[in-house]
file start.txt (compact mmCIF, N, CA and C atoms)
# COMPACT_ATOMS: atom_id res chain seq x y z
N MET A 1 49.25 -13.01 29.02
CA MET A 1 48.96 -13.23 27.62
C MET A 1 49.22 -11.94 26.85
N PHE A 2 50.03 -11.99 25.82
CA PHE A 2 50.43 -10.86 24.98
C PHE A 2 51.07 -9.75 25.80
N GLY A 3 51.57 -10.04 26.97
CA GLY A 3 52.24 -9.05 27.81
C GLY A 3 51.28 -8.05 28.41
N MET A 4 49.98 -8.40 28.52
CA MET A 4 48.98 -7.49 29.08
C MET A 4 48.38 -8.12 30.33
N THR A 5 47.98 -7.27 31.23
CA THR A 5 47.34 -7.77 32.44
C THR A 5 45.89 -8.08 32.12
N THR A 6 45.25 -8.79 33.00
CA THR A 6 43.86 -9.16 32.82
C THR A 6 42.98 -7.92 32.71
N LEU A 7 43.25 -6.92 33.51
CA LEU A 7 42.46 -5.70 33.49
C LEU A 7 42.62 -4.97 32.15
N GLU A 8 43.81 -4.96 31.59
CA GLU A 8 44.03 -4.33 30.29
C GLU A 8 43.31 -5.09 29.18
N LEU A 9 43.31 -6.43 29.27
CA LEU A 9 42.60 -7.23 28.28
C LEU A 9 41.09 -6.98 28.35
N ILE A 10 40.55 -6.86 29.53
CA ILE A 10 39.11 -6.59 29.69
C ILE A 10 38.79 -5.22 29.10
N ALA A 11 39.60 -4.22 29.39
CA ALA A 11 39.38 -2.86 28.88
C ALA A 11 39.45 -2.87 27.35
N LEU A 12 40.42 -3.60 26.80
CA LEU A 12 40.55 -3.70 25.34
C LEU A 12 39.32 -4.37 24.73
N GLY A 13 38.84 -5.42 25.36
CA GLY A 13 37.65 -6.13 24.88
C GLY A 13 36.41 -5.25 24.92
N VAL A 14 36.25 -4.48 25.98
CA VAL A 14 35.10 -3.58 26.09
C VAL A 14 35.18 -2.50 25.01
N ALA A 15 36.37 -1.93 24.80
CA ALA A 15 36.55 -0.89 23.79
C ALA A 15 36.25 -1.44 22.39
N LEU A 16 36.74 -2.62 22.08
CA LEU A 16 36.46 -3.23 20.78
C LEU A 16 34.97 -3.55 20.62
N GLY A 17 34.35 -4.01 21.69
CA GLY A 17 32.91 -4.30 21.66
C GLY A 17 32.10 -3.06 21.36
N ILE A 18 32.48 -1.95 22.00
CA ILE A 18 31.78 -0.69 21.76
C ILE A 18 31.98 -0.23 20.32
N LEU A 19 33.20 -0.36 19.81
CA LEU A 19 33.49 0.05 18.44
C LEU A 19 32.70 -0.78 17.42
N VAL A 20 32.53 -2.04 17.69
CA VAL A 20 31.80 -2.91 16.77
C VAL A 20 30.29 -2.71 16.90
N MET A 21 29.79 -2.57 18.10
CA MET A 21 28.34 -2.49 18.33
C MET A 21 27.74 -1.14 17.95
N THR A 22 28.50 -0.06 18.07
CA THR A 22 27.95 1.27 17.81
C THR A 22 27.41 1.41 16.39
N PRO A 23 28.16 1.06 15.35
CA PRO A 23 27.57 1.19 14.00
C PRO A 23 26.38 0.26 13.78
N ILE A 24 26.41 -0.92 14.38
CA ILE A 24 25.30 -1.86 14.22
C ILE A 24 24.03 -1.28 14.84
N VAL A 25 24.15 -0.73 16.03
CA VAL A 25 23.00 -0.14 16.71
C VAL A 25 22.48 1.07 15.93
N MET A 26 23.39 1.88 15.39
CA MET A 26 22.97 3.06 14.63
C MET A 26 22.18 2.67 13.38
N VAL A 27 22.62 1.63 12.70
CA VAL A 27 21.93 1.17 11.49
C VAL A 27 20.55 0.63 11.85
N LEU A 28 20.46 -0.13 12.93
CA LEU A 28 19.18 -0.71 13.32
C LEU A 28 18.19 0.33 13.82
N ARG A 29 18.68 1.39 14.45
CA ARG A 29 17.80 2.40 15.01
C ARG A 29 17.36 3.44 13.99
N ARG A 30 18.06 3.49 12.86
CA ARG A 30 17.71 4.49 11.85
C ARG A 30 16.31 4.18 11.33
N LYS A 31 15.48 5.18 11.36
CA LYS A 31 14.09 4.99 10.95
C LYS A 31 14.00 4.99 9.43
N LYS A 32 13.23 4.07 8.93
CA LYS A 32 13.01 3.99 7.49
C LYS A 32 11.98 5.04 7.11
N LYS A 33 12.27 5.76 6.05
CA LYS A 33 11.32 6.75 5.57
C LYS A 33 10.21 6.04 4.82
N LYS A 34 8.99 6.42 5.13
CA LYS A 34 7.85 5.84 4.43
C LYS A 34 7.77 6.47 3.05
N PRO A 35 7.55 5.65 2.04
CA PRO A 35 7.46 6.23 0.69
C PRO A 35 6.20 7.08 0.56
N VAL A 36 6.32 8.16 -0.15
CA VAL A 36 5.18 9.03 -0.39
C VAL A 36 4.37 8.42 -1.53
N LEU A 37 3.14 8.08 -1.21
CA LEU A 37 2.28 7.45 -2.21
C LEU A 37 1.46 8.51 -2.93
N PRO A 38 1.28 8.34 -4.22
CA PRO A 38 0.46 9.31 -4.93
C PRO A 38 -0.98 9.26 -4.44
N HIS A 39 -1.59 10.41 -4.40
CA HIS A 39 -2.96 10.51 -3.91
C HIS A 39 -3.94 10.12 -5.02
N MET A 40 -4.88 9.28 -4.67
CA MET A 40 -5.92 8.91 -5.63
C MET A 40 -7.25 9.38 -5.07
N ASP A 41 -8.02 10.04 -5.89
CA ASP A 41 -9.33 10.52 -5.47
C ASP A 41 -10.33 9.38 -5.60
N VAL A 42 -10.58 8.70 -4.48
CA VAL A 42 -11.47 7.55 -4.51
C VAL A 42 -12.92 7.96 -4.74
N GLU A 43 -13.26 9.20 -4.42
CA GLU A 43 -14.61 9.68 -4.70
C GLU A 43 -14.83 9.78 -6.21
N GLN A 44 -13.80 10.23 -6.93
CA GLN A 44 -13.92 10.27 -8.40
C GLN A 44 -13.97 8.86 -8.97
N LEU A 45 -13.24 7.94 -8.36
CA LEU A 45 -13.31 6.54 -8.81
C LEU A 45 -14.73 6.01 -8.65
N LEU A 46 -15.34 6.33 -7.52
CA LEU A 46 -16.72 5.90 -7.29
C LEU A 46 -17.66 6.50 -8.34
N GLN A 47 -17.45 7.75 -8.69
CA GLN A 47 -18.25 8.38 -9.74
C GLN A 47 -18.02 7.68 -11.08
N ALA A 48 -16.76 7.33 -11.36
CA ALA A 48 -16.43 6.66 -12.63
C ALA A 48 -17.11 5.30 -12.73
N LEU A 49 -17.35 4.67 -11.58
CA LEU A 49 -18.01 3.36 -11.57
C LEU A 49 -19.53 3.47 -11.61
N GLY A 50 -20.03 4.69 -11.69
CA GLY A 50 -21.48 4.88 -11.79
C GLY A 50 -22.15 5.13 -10.46
N GLY A 51 -21.38 5.43 -9.43
CA GLY A 51 -21.96 5.71 -8.11
C GLY A 51 -22.10 4.46 -7.27
N SER A 52 -22.36 4.66 -5.99
CA SER A 52 -22.44 3.53 -5.05
C SER A 52 -23.63 2.62 -5.34
N SER A 53 -24.70 3.17 -5.90
CA SER A 53 -25.88 2.34 -6.18
C SER A 53 -25.65 1.41 -7.38
N ASN A 54 -24.57 1.64 -8.13
CA ASN A 54 -24.27 0.80 -9.30
C ASN A 54 -23.36 -0.38 -8.94
N LEU A 55 -22.89 -0.45 -7.72
CA LEU A 55 -21.97 -1.52 -7.31
C LEU A 55 -22.75 -2.72 -6.78
N LEU A 56 -22.50 -3.89 -7.35
CA LEU A 56 -23.15 -5.11 -6.86
C LEU A 56 -22.23 -5.87 -5.90
N SER A 57 -20.98 -6.09 -6.32
CA SER A 57 -20.05 -6.82 -5.46
C SER A 57 -18.63 -6.30 -5.67
N LEU A 58 -17.82 -6.46 -4.64
CA LEU A 58 -16.43 -5.99 -4.65
C LEU A 58 -15.54 -7.08 -4.07
N SER A 59 -14.38 -7.26 -4.66
CA SER A 59 -13.39 -8.18 -4.09
C SER A 59 -12.00 -7.70 -4.50
N ARG A 60 -10.99 -8.18 -3.75
CA ARG A 60 -9.61 -7.76 -4.01
C ARG A 60 -8.73 -8.98 -4.20
N GLU A 61 -7.87 -8.90 -5.19
CA GLU A 61 -6.84 -9.92 -5.42
C GLU A 61 -5.54 -9.18 -5.68
N HIS A 62 -4.69 -9.12 -4.69
CA HIS A 62 -3.41 -8.41 -4.74
C HIS A 62 -3.66 -6.93 -5.05
N GLN A 63 -3.24 -6.45 -6.20
CA GLN A 63 -3.44 -5.05 -6.56
C GLN A 63 -4.64 -4.84 -7.47
N ARG A 64 -5.47 -5.83 -7.58
CA ARG A 64 -6.64 -5.73 -8.45
C ARG A 64 -7.91 -5.72 -7.60
N ILE A 65 -8.82 -4.87 -8.00
CA ILE A 65 -10.14 -4.84 -7.36
C ILE A 65 -11.14 -5.23 -8.43
N LYS A 66 -11.93 -6.26 -8.12
CA LYS A 66 -12.97 -6.71 -9.05
C LYS A 66 -14.29 -6.12 -8.59
N VAL A 67 -14.94 -5.45 -9.53
CA VAL A 67 -16.20 -4.76 -9.25
C VAL A 67 -17.26 -5.27 -10.22
N THR A 68 -18.34 -5.80 -9.69
CA THR A 68 -19.47 -6.18 -10.52
C THR A 68 -20.47 -5.03 -10.44
N VAL A 69 -20.88 -4.53 -11.61
CA VAL A 69 -21.77 -3.37 -11.66
C VAL A 69 -23.14 -3.79 -12.18
N LYS A 70 -24.16 -2.99 -11.82
CA LYS A 70 -25.52 -3.25 -12.29
C LYS A 70 -25.69 -2.84 -13.75
N ASP A 71 -25.21 -1.62 -14.05
CA ASP A 71 -25.42 -1.06 -15.38
C ASP A 71 -24.09 -0.56 -15.94
N LEU A 72 -23.62 -1.21 -17.00
CA LEU A 72 -22.34 -0.83 -17.60
C LEU A 72 -22.39 0.56 -18.24
N LYS A 73 -23.58 1.01 -18.63
CA LYS A 73 -23.71 2.32 -19.28
C LYS A 73 -23.39 3.46 -18.31
N LYS A 74 -23.50 3.19 -17.01
CA LYS A 74 -23.19 4.23 -16.01
C LYS A 74 -21.69 4.37 -15.75
N VAL A 75 -20.91 3.39 -16.17
CA VAL A 75 -19.45 3.44 -15.97
C VAL A 75 -18.86 4.46 -16.92
N GLN A 76 -18.06 5.36 -16.39
CA GLN A 76 -17.46 6.45 -17.18
C GLN A 76 -16.00 6.11 -17.49
N GLN A 77 -15.80 5.48 -18.63
CA GLN A 77 -14.46 5.06 -19.05
C GLN A 77 -13.48 6.23 -19.16
N PRO A 78 -13.89 7.40 -19.71
CA PRO A 78 -12.93 8.52 -19.79
C PRO A 78 -12.43 8.97 -18.41
N LEU A 79 -13.31 8.92 -17.41
CA LEU A 79 -12.90 9.31 -16.06
C LEU A 79 -11.90 8.31 -15.49
N LEU A 80 -12.09 7.02 -15.77
CA LEU A 80 -11.10 6.01 -15.34
C LEU A 80 -9.74 6.28 -15.97
N LYS A 81 -9.75 6.67 -17.24
CA LYS A 81 -8.49 7.00 -17.92
C LYS A 81 -7.84 8.23 -17.30
N THR A 82 -8.67 9.22 -16.97
CA THR A 82 -8.15 10.44 -16.32
C THR A 82 -7.50 10.09 -14.99
N LEU A 83 -8.09 9.16 -14.26
CA LEU A 83 -7.54 8.73 -12.97
C LEU A 83 -6.34 7.80 -13.13
N ASN A 84 -6.04 7.44 -14.38
CA ASN A 84 -4.91 6.56 -14.68
C ASN A 84 -5.07 5.18 -14.03
N ILE A 85 -6.29 4.65 -14.14
CA ILE A 85 -6.60 3.32 -13.59
C ILE A 85 -6.93 2.39 -14.75
N PRO A 86 -6.04 1.45 -15.04
CA PRO A 86 -6.35 0.46 -16.08
C PRO A 86 -7.54 -0.40 -15.64
N ALA A 87 -8.46 -0.64 -16.56
CA ALA A 87 -9.64 -1.43 -16.26
C ALA A 87 -9.87 -2.45 -17.36
N PHE A 88 -10.26 -3.66 -16.95
CA PHE A 88 -10.54 -4.74 -17.89
C PHE A 88 -11.96 -5.21 -17.64
N LEU A 89 -12.71 -5.40 -18.71
CA LEU A 89 -14.11 -5.76 -18.59
C LEU A 89 -14.33 -7.21 -19.01
N LYS A 90 -15.10 -7.92 -18.19
CA LYS A 90 -15.50 -9.29 -18.50
C LYS A 90 -16.94 -9.43 -18.04
N GLY A 91 -17.85 -9.40 -18.99
CA GLY A 91 -19.27 -9.42 -18.64
C GLY A 91 -19.63 -8.11 -17.96
N LYS A 92 -20.16 -8.21 -16.75
CA LYS A 92 -20.45 -7.00 -15.96
C LYS A 92 -19.42 -6.80 -14.86
N GLU A 93 -18.30 -7.52 -14.97
CA GLU A 93 -17.27 -7.41 -13.95
C GLU A 93 -16.09 -6.59 -14.48
N LEU A 94 -15.77 -5.52 -13.78
CA LEU A 94 -14.61 -4.69 -14.09
C LEU A 94 -13.48 -5.10 -13.17
N THR A 95 -12.30 -5.28 -13.74
CA THR A 95 -11.11 -5.52 -12.93
C THR A 95 -10.26 -4.26 -13.03
N LEU A 96 -10.04 -3.63 -11.88
CA LEU A 96 -9.28 -2.39 -11.81
C LEU A 96 -7.90 -2.66 -11.24
N LEU A 97 -6.87 -2.13 -11.86
CA LEU A 97 -5.52 -2.25 -11.34
C LEU A 97 -5.23 -1.03 -10.49
N ILE A 98 -5.19 -1.23 -9.17
CA ILE A 98 -4.93 -0.14 -8.22
C ILE A 98 -3.50 -0.33 -7.72
N LYS A 99 -2.62 0.56 -8.13
CA LYS A 99 -1.19 0.38 -7.85
C LYS A 99 -0.82 0.67 -6.40
N HIS A 100 -1.50 1.61 -5.76
CA HIS A 100 -1.15 2.01 -4.41
C HIS A 100 -2.36 1.91 -3.48
N GLN A 101 -2.19 1.24 -2.38
CA GLN A 101 -3.19 1.09 -1.33
C GLN A 101 -4.53 0.53 -1.82
N PRO A 102 -4.50 -0.63 -2.47
CA PRO A 102 -5.78 -1.20 -2.94
C PRO A 102 -6.73 -1.56 -1.80
N SER A 103 -6.19 -1.92 -0.63
CA SER A 103 -7.08 -2.26 0.50
C SER A 103 -7.83 -1.02 0.98
N HIS A 104 -7.19 0.15 0.95
CA HIS A 104 -7.86 1.39 1.33
C HIS A 104 -8.98 1.71 0.34
N VAL A 105 -8.69 1.56 -0.93
CA VAL A 105 -9.69 1.83 -1.97
C VAL A 105 -10.87 0.87 -1.83
N LEU A 106 -10.57 -0.40 -1.60
CA LEU A 106 -11.65 -1.40 -1.45
C LEU A 106 -12.52 -1.08 -0.24
N SER A 107 -11.91 -0.72 0.88
CA SER A 107 -12.70 -0.44 2.07
C SER A 107 -13.59 0.80 1.86
N TYR A 108 -13.06 1.81 1.17
CA TYR A 108 -13.87 3.00 0.87
C TYR A 108 -15.06 2.63 -0.01
N LEU A 109 -14.81 1.88 -1.08
CA LEU A 109 -15.91 1.49 -1.98
C LEU A 109 -16.93 0.62 -1.25
N SER A 110 -16.45 -0.27 -0.39
CA SER A 110 -17.37 -1.15 0.36
C SER A 110 -18.26 -0.34 1.29
N GLU A 111 -17.67 0.66 1.97
CA GLU A 111 -18.47 1.51 2.86
C GLU A 111 -19.54 2.26 2.07
N ARG A 112 -19.17 2.79 0.92
CA ARG A 112 -20.13 3.53 0.11
C ARG A 112 -21.21 2.61 -0.46
N GLN A 113 -20.84 1.38 -0.77
CA GLN A 113 -21.82 0.41 -1.28
C GLN A 113 -22.86 0.10 -0.20
N LYS A 114 -22.42 -0.02 1.05
CA LYS A 114 -23.34 -0.32 2.15
C LYS A 114 -24.30 0.84 2.41
N GLU A 115 -23.81 2.06 2.18
CA GLU A 115 -24.66 3.24 2.40
C GLU A 115 -25.77 3.37 1.37
N ALA A 116 -25.52 2.81 0.19
CA ALA A 116 -26.50 2.96 -0.90
C ALA A 116 -27.73 2.11 -0.69
call {"tool": "encode", "arguments": {"input": "start.txt", "output": "structure tokens"}}
result
Amino acid sequence: MFGMTTLELIALGVALGILVMTPIVMVLRRKKKKPVLPHMDVEQLLQALGGSSNLLSLSREHQRIKVTVKDLKKVQQPLLKTLNIPAFLKGKELTLLIKHQPSHVLSYLSERQKEA
């Protein structure tokens, strides 16, 4: 076939296979760089919410954390602005938009709430 011996055809097939597979393997093995997330001081967030004793309930919906507080007067709105955390108030429930790692923030707040 094509004037080549069987052994030459096998060698050609192996060489072509290596040429095709090498870039595919290199792309798959390349490690993805983890994005550097901005650091948020969750302790300051807790202070802005009036401390752990001011937290009644916590829940998460996607990038939003809903916090029900005991006393709205203890919430420090200027500190929330300094932390660049948008907050929406409905009754005694604050909805915070946490752009990066909301599950980490929720777990930290939950732990502090249990300690209070």
call {"tool": "select_by_dssp", "arguments": {"input": "start.txt", "residues": "segment 27-67 of chain A", "states": "alpha helix (DSSP H)", "output": "list of chain:residue names"}}
result
A:Val27, A:Leu28, A:Arg29, A:Val42, A:Glu43, A:Gln44, A:Leu45, A:Leu46, A:Gln47, A:Ala48
call {"tool": "select_by_dssp", "arguments": {"input": "start.txt", "residues": "segment 38-97 of chain A", "states": "strand (DSSP E)", "output": "tab-separated table (two decimals) with N, CA and C atoms, keeping the file's coordinate frame"}}
result
chain	number	residue	atom	x	y	z
A	55	LEU	N	-22.89	-0.45	-7.72
A	55	LEU	CA	-21.97	-1.52	-7.31
A	55	LEU	C	-22.75	-2.72	-6.78
A	56	LEU	N	-22.50	-3.89	-7.35
A	56	LEU	CA	-23.15	-5.11	-6.86
A	56	LEU	C	-22.23	-5.87	-5.90
A	57	SER	N	-20.98	-6.09	-6.32
A	57	SER	CA	-20.05	-6.82	-5.46
A	57	SER	C	-18.63	-6.30	-5.67
A	58	LEU	N	-17.82	-6.46	-4.64
A	58	LEU	CA	-16.43	-5.99	-4.65
A	58	LEU	C	-15.54	-7.08	-4.07
A	59	SER	N	-14.38	-7.26	-4.66
A	59	SER	CA	-13.39	-8.18	-4.09
A	59	SER	C	-12.00	-7.70	-4.50
A	60	ARG	N	-10.99	-8.18	-3.75
A	60	ARG	CA	-9.61	-7.76	-4.01
A	60	ARG	C	-8.73	-8.98	-4.20
A	61	GLU	N	-7.87	-8.90	-5.19
A	61	GLU	CA	-6.84	-9.92	-5.42
A	61	GLU	C	-5.54	-9.18	-5.68
A	64	ARG	N	-5.47	-5.83	-7.58
A	64	ARG	CA	-6.64	-5.73	-8.45
A	64	ARG	C	-7.91	-5.72	-7.60
A	65	ILE	N	-8.82	-4.87	-8.00
A	65	ILE	CA	-10.14	-4.84	-7.36
A	65	ILE	C	-11.14	-5.23	-8.43
A	66	LYS	N	-11.93	-6.26	-8.12
A	66	LYS	CA	-12.97	-6.71	-9.05
A	66	LYS	C	-14.29	-6.12	-8.59
A	67	VAL	N	-14.94	-5.45	-9.53
A	67	VAL	CA	-16.20	-4.76	-9.25
A	67	VAL	C	-17.26	-5.27	-10.22
A	68	THR	N	-18.34	-5.80	-9.69
A	68	THR	CA	-19.47	-6.18	-10.52
A	68	THR	C	-20.47	-5.03	-10.44
A	69	VAL	N	-20.88	-4.53	-11.61
A	69	VAL	CA	-21.77	-3.37	-11.66
A	69	VAL	C	-23.14	-3.79	-12.18
A	87	ALA	N	-8.46	-0.64	-16.56
A	87	ALA	CA	-9.64	-1.43	-16.26
A	87	ALA	C	-9.87	-2.45	-17.36
A	88	PHE	N	-10.26	-3.66	-16.95
A	88	PHE	CA	-10.54	-4.74	-17.89
A	88	PHE	C	-11.96	-5.21	-17.64
A	89	LEU	N	-12.71	-5.40	-18.71
A	89	LEU	CA	-14.11	-5.76	-18.59
A	89	LEU	C	-14.33	-7.21	-19.01
A	90	LYS	N	-15.10	-7.92	-18.19
A	90	LYS	CA	-15.50	-9.29	-18.50
A	90	LYS	C	-16.94	-9.43	-18.04
A	93	GLU	N	-18.30	-7.52	-14.97
A	93	GLU	CA	-17.27	-7.41	-13.95
A	93	GLU	C	-16.09	-6.59	-14.48
A	94	LEU	N	-15.77	-5.52	-13.78
A	94	LEU	CA	-14.61	-4.69	-14.09
A	94	LEU	C	-13.48	-5.10	-13.17
A	95	THR	N	-12.30	-5.28	-13.74
A	95	THR	CA	-11.11	-5.52	-12.93
A	95	THR	C	-10.26	-4.26	-13.03
A	96	LEU	N	-10.04	-3.63	-11.88
A	96	LEU	CA	-9.28	-2.39	-11.81
A	96	LEU	C	-7.90	-2.66	-11.24
A	97	LEU	N	-6.87	-2.13	-11.86
A	97	LEU	CA	-5.52	-2.25	-11.34
A	97	LEU	C	-5.23	-1.03	-10.49
call {"tool": "axis_aligned_box", "arguments": {"input": "start.txt", "around": "segment 59-62 of chain A", "padding_each_side": "8 Å", "output": "lines of an AutoDock Vina configuration file"}}
result
center_x = -8.9
center_y = -8.4
center_z = -4.7
size_x = 27.0
size_y = 19.0
size_z = 17.9
call {"tool": "residues_near_point", "arguments": {"input": "start.txt", "point": "(-17.6, -3.0, -13.0)", "cutoff": "9 Å", "atoms": "only C-alpha atoms", "output": "ChimeraX atom specification"}}
result
/A:49-50,54-58,66-72,75,87-96
call {"tool": "closest_residue", "arguments": {"input": "start.txt", "among": "A:Glu43, A:Ser52, A:Arg29, A:Glu61", "to": "Glu111 of chain A", "atoms": "only N, CA and C atoms"}}
result
A:Ser52
call {"tool": "atom_distance", "arguments": {"input": "start.txt", "atom1": "atom CA of Gly13 of chain A", "atom2": "atom CA of Val25 of chain A"}}
result
17.8 Å
call {"tool": "atom_distance", "arguments": {"input": "start.txt", "atom1": "atom CA of Pro102 of chain A", "atom2": "atom N of Lys31 of chain A"}}
result
26.4 Å
call {"tool": "atom_distance", "arguments": {"input": "start.txt", "atom1": "atom CA of Ser103 of chain A", "atom2": "atom CA of Leu28 of chain A"}}
result
29.3 Å
call {"tool": "closest_residue", "arguments": {"input": "start.txt", "among": "A:Lys73, A:Arg64, A:Lys32, A:Lys114", "to": "Leu97 of chain A", "atoms": "all atoms listed in the file"}}
result
A:Arg64
call {"tool": "closest_residue", "arguments": {"input": "start.txt", "among": "A:Gln113, A:Thr82, A:Ser107, A:Thr5", "to": "Gln44 of chain A", "atoms": "only C-alpha atoms"}}
result
A:Thr82
call {"tool": "closest_residue", "arguments": {"input": "start.txt", "among": "A:Leu12, A:Ile98, A:Ile18, A:Leu109", "to": "Asn84 of chain A", "atoms": "all atoms listed in the file"}}
result
A:Ile98
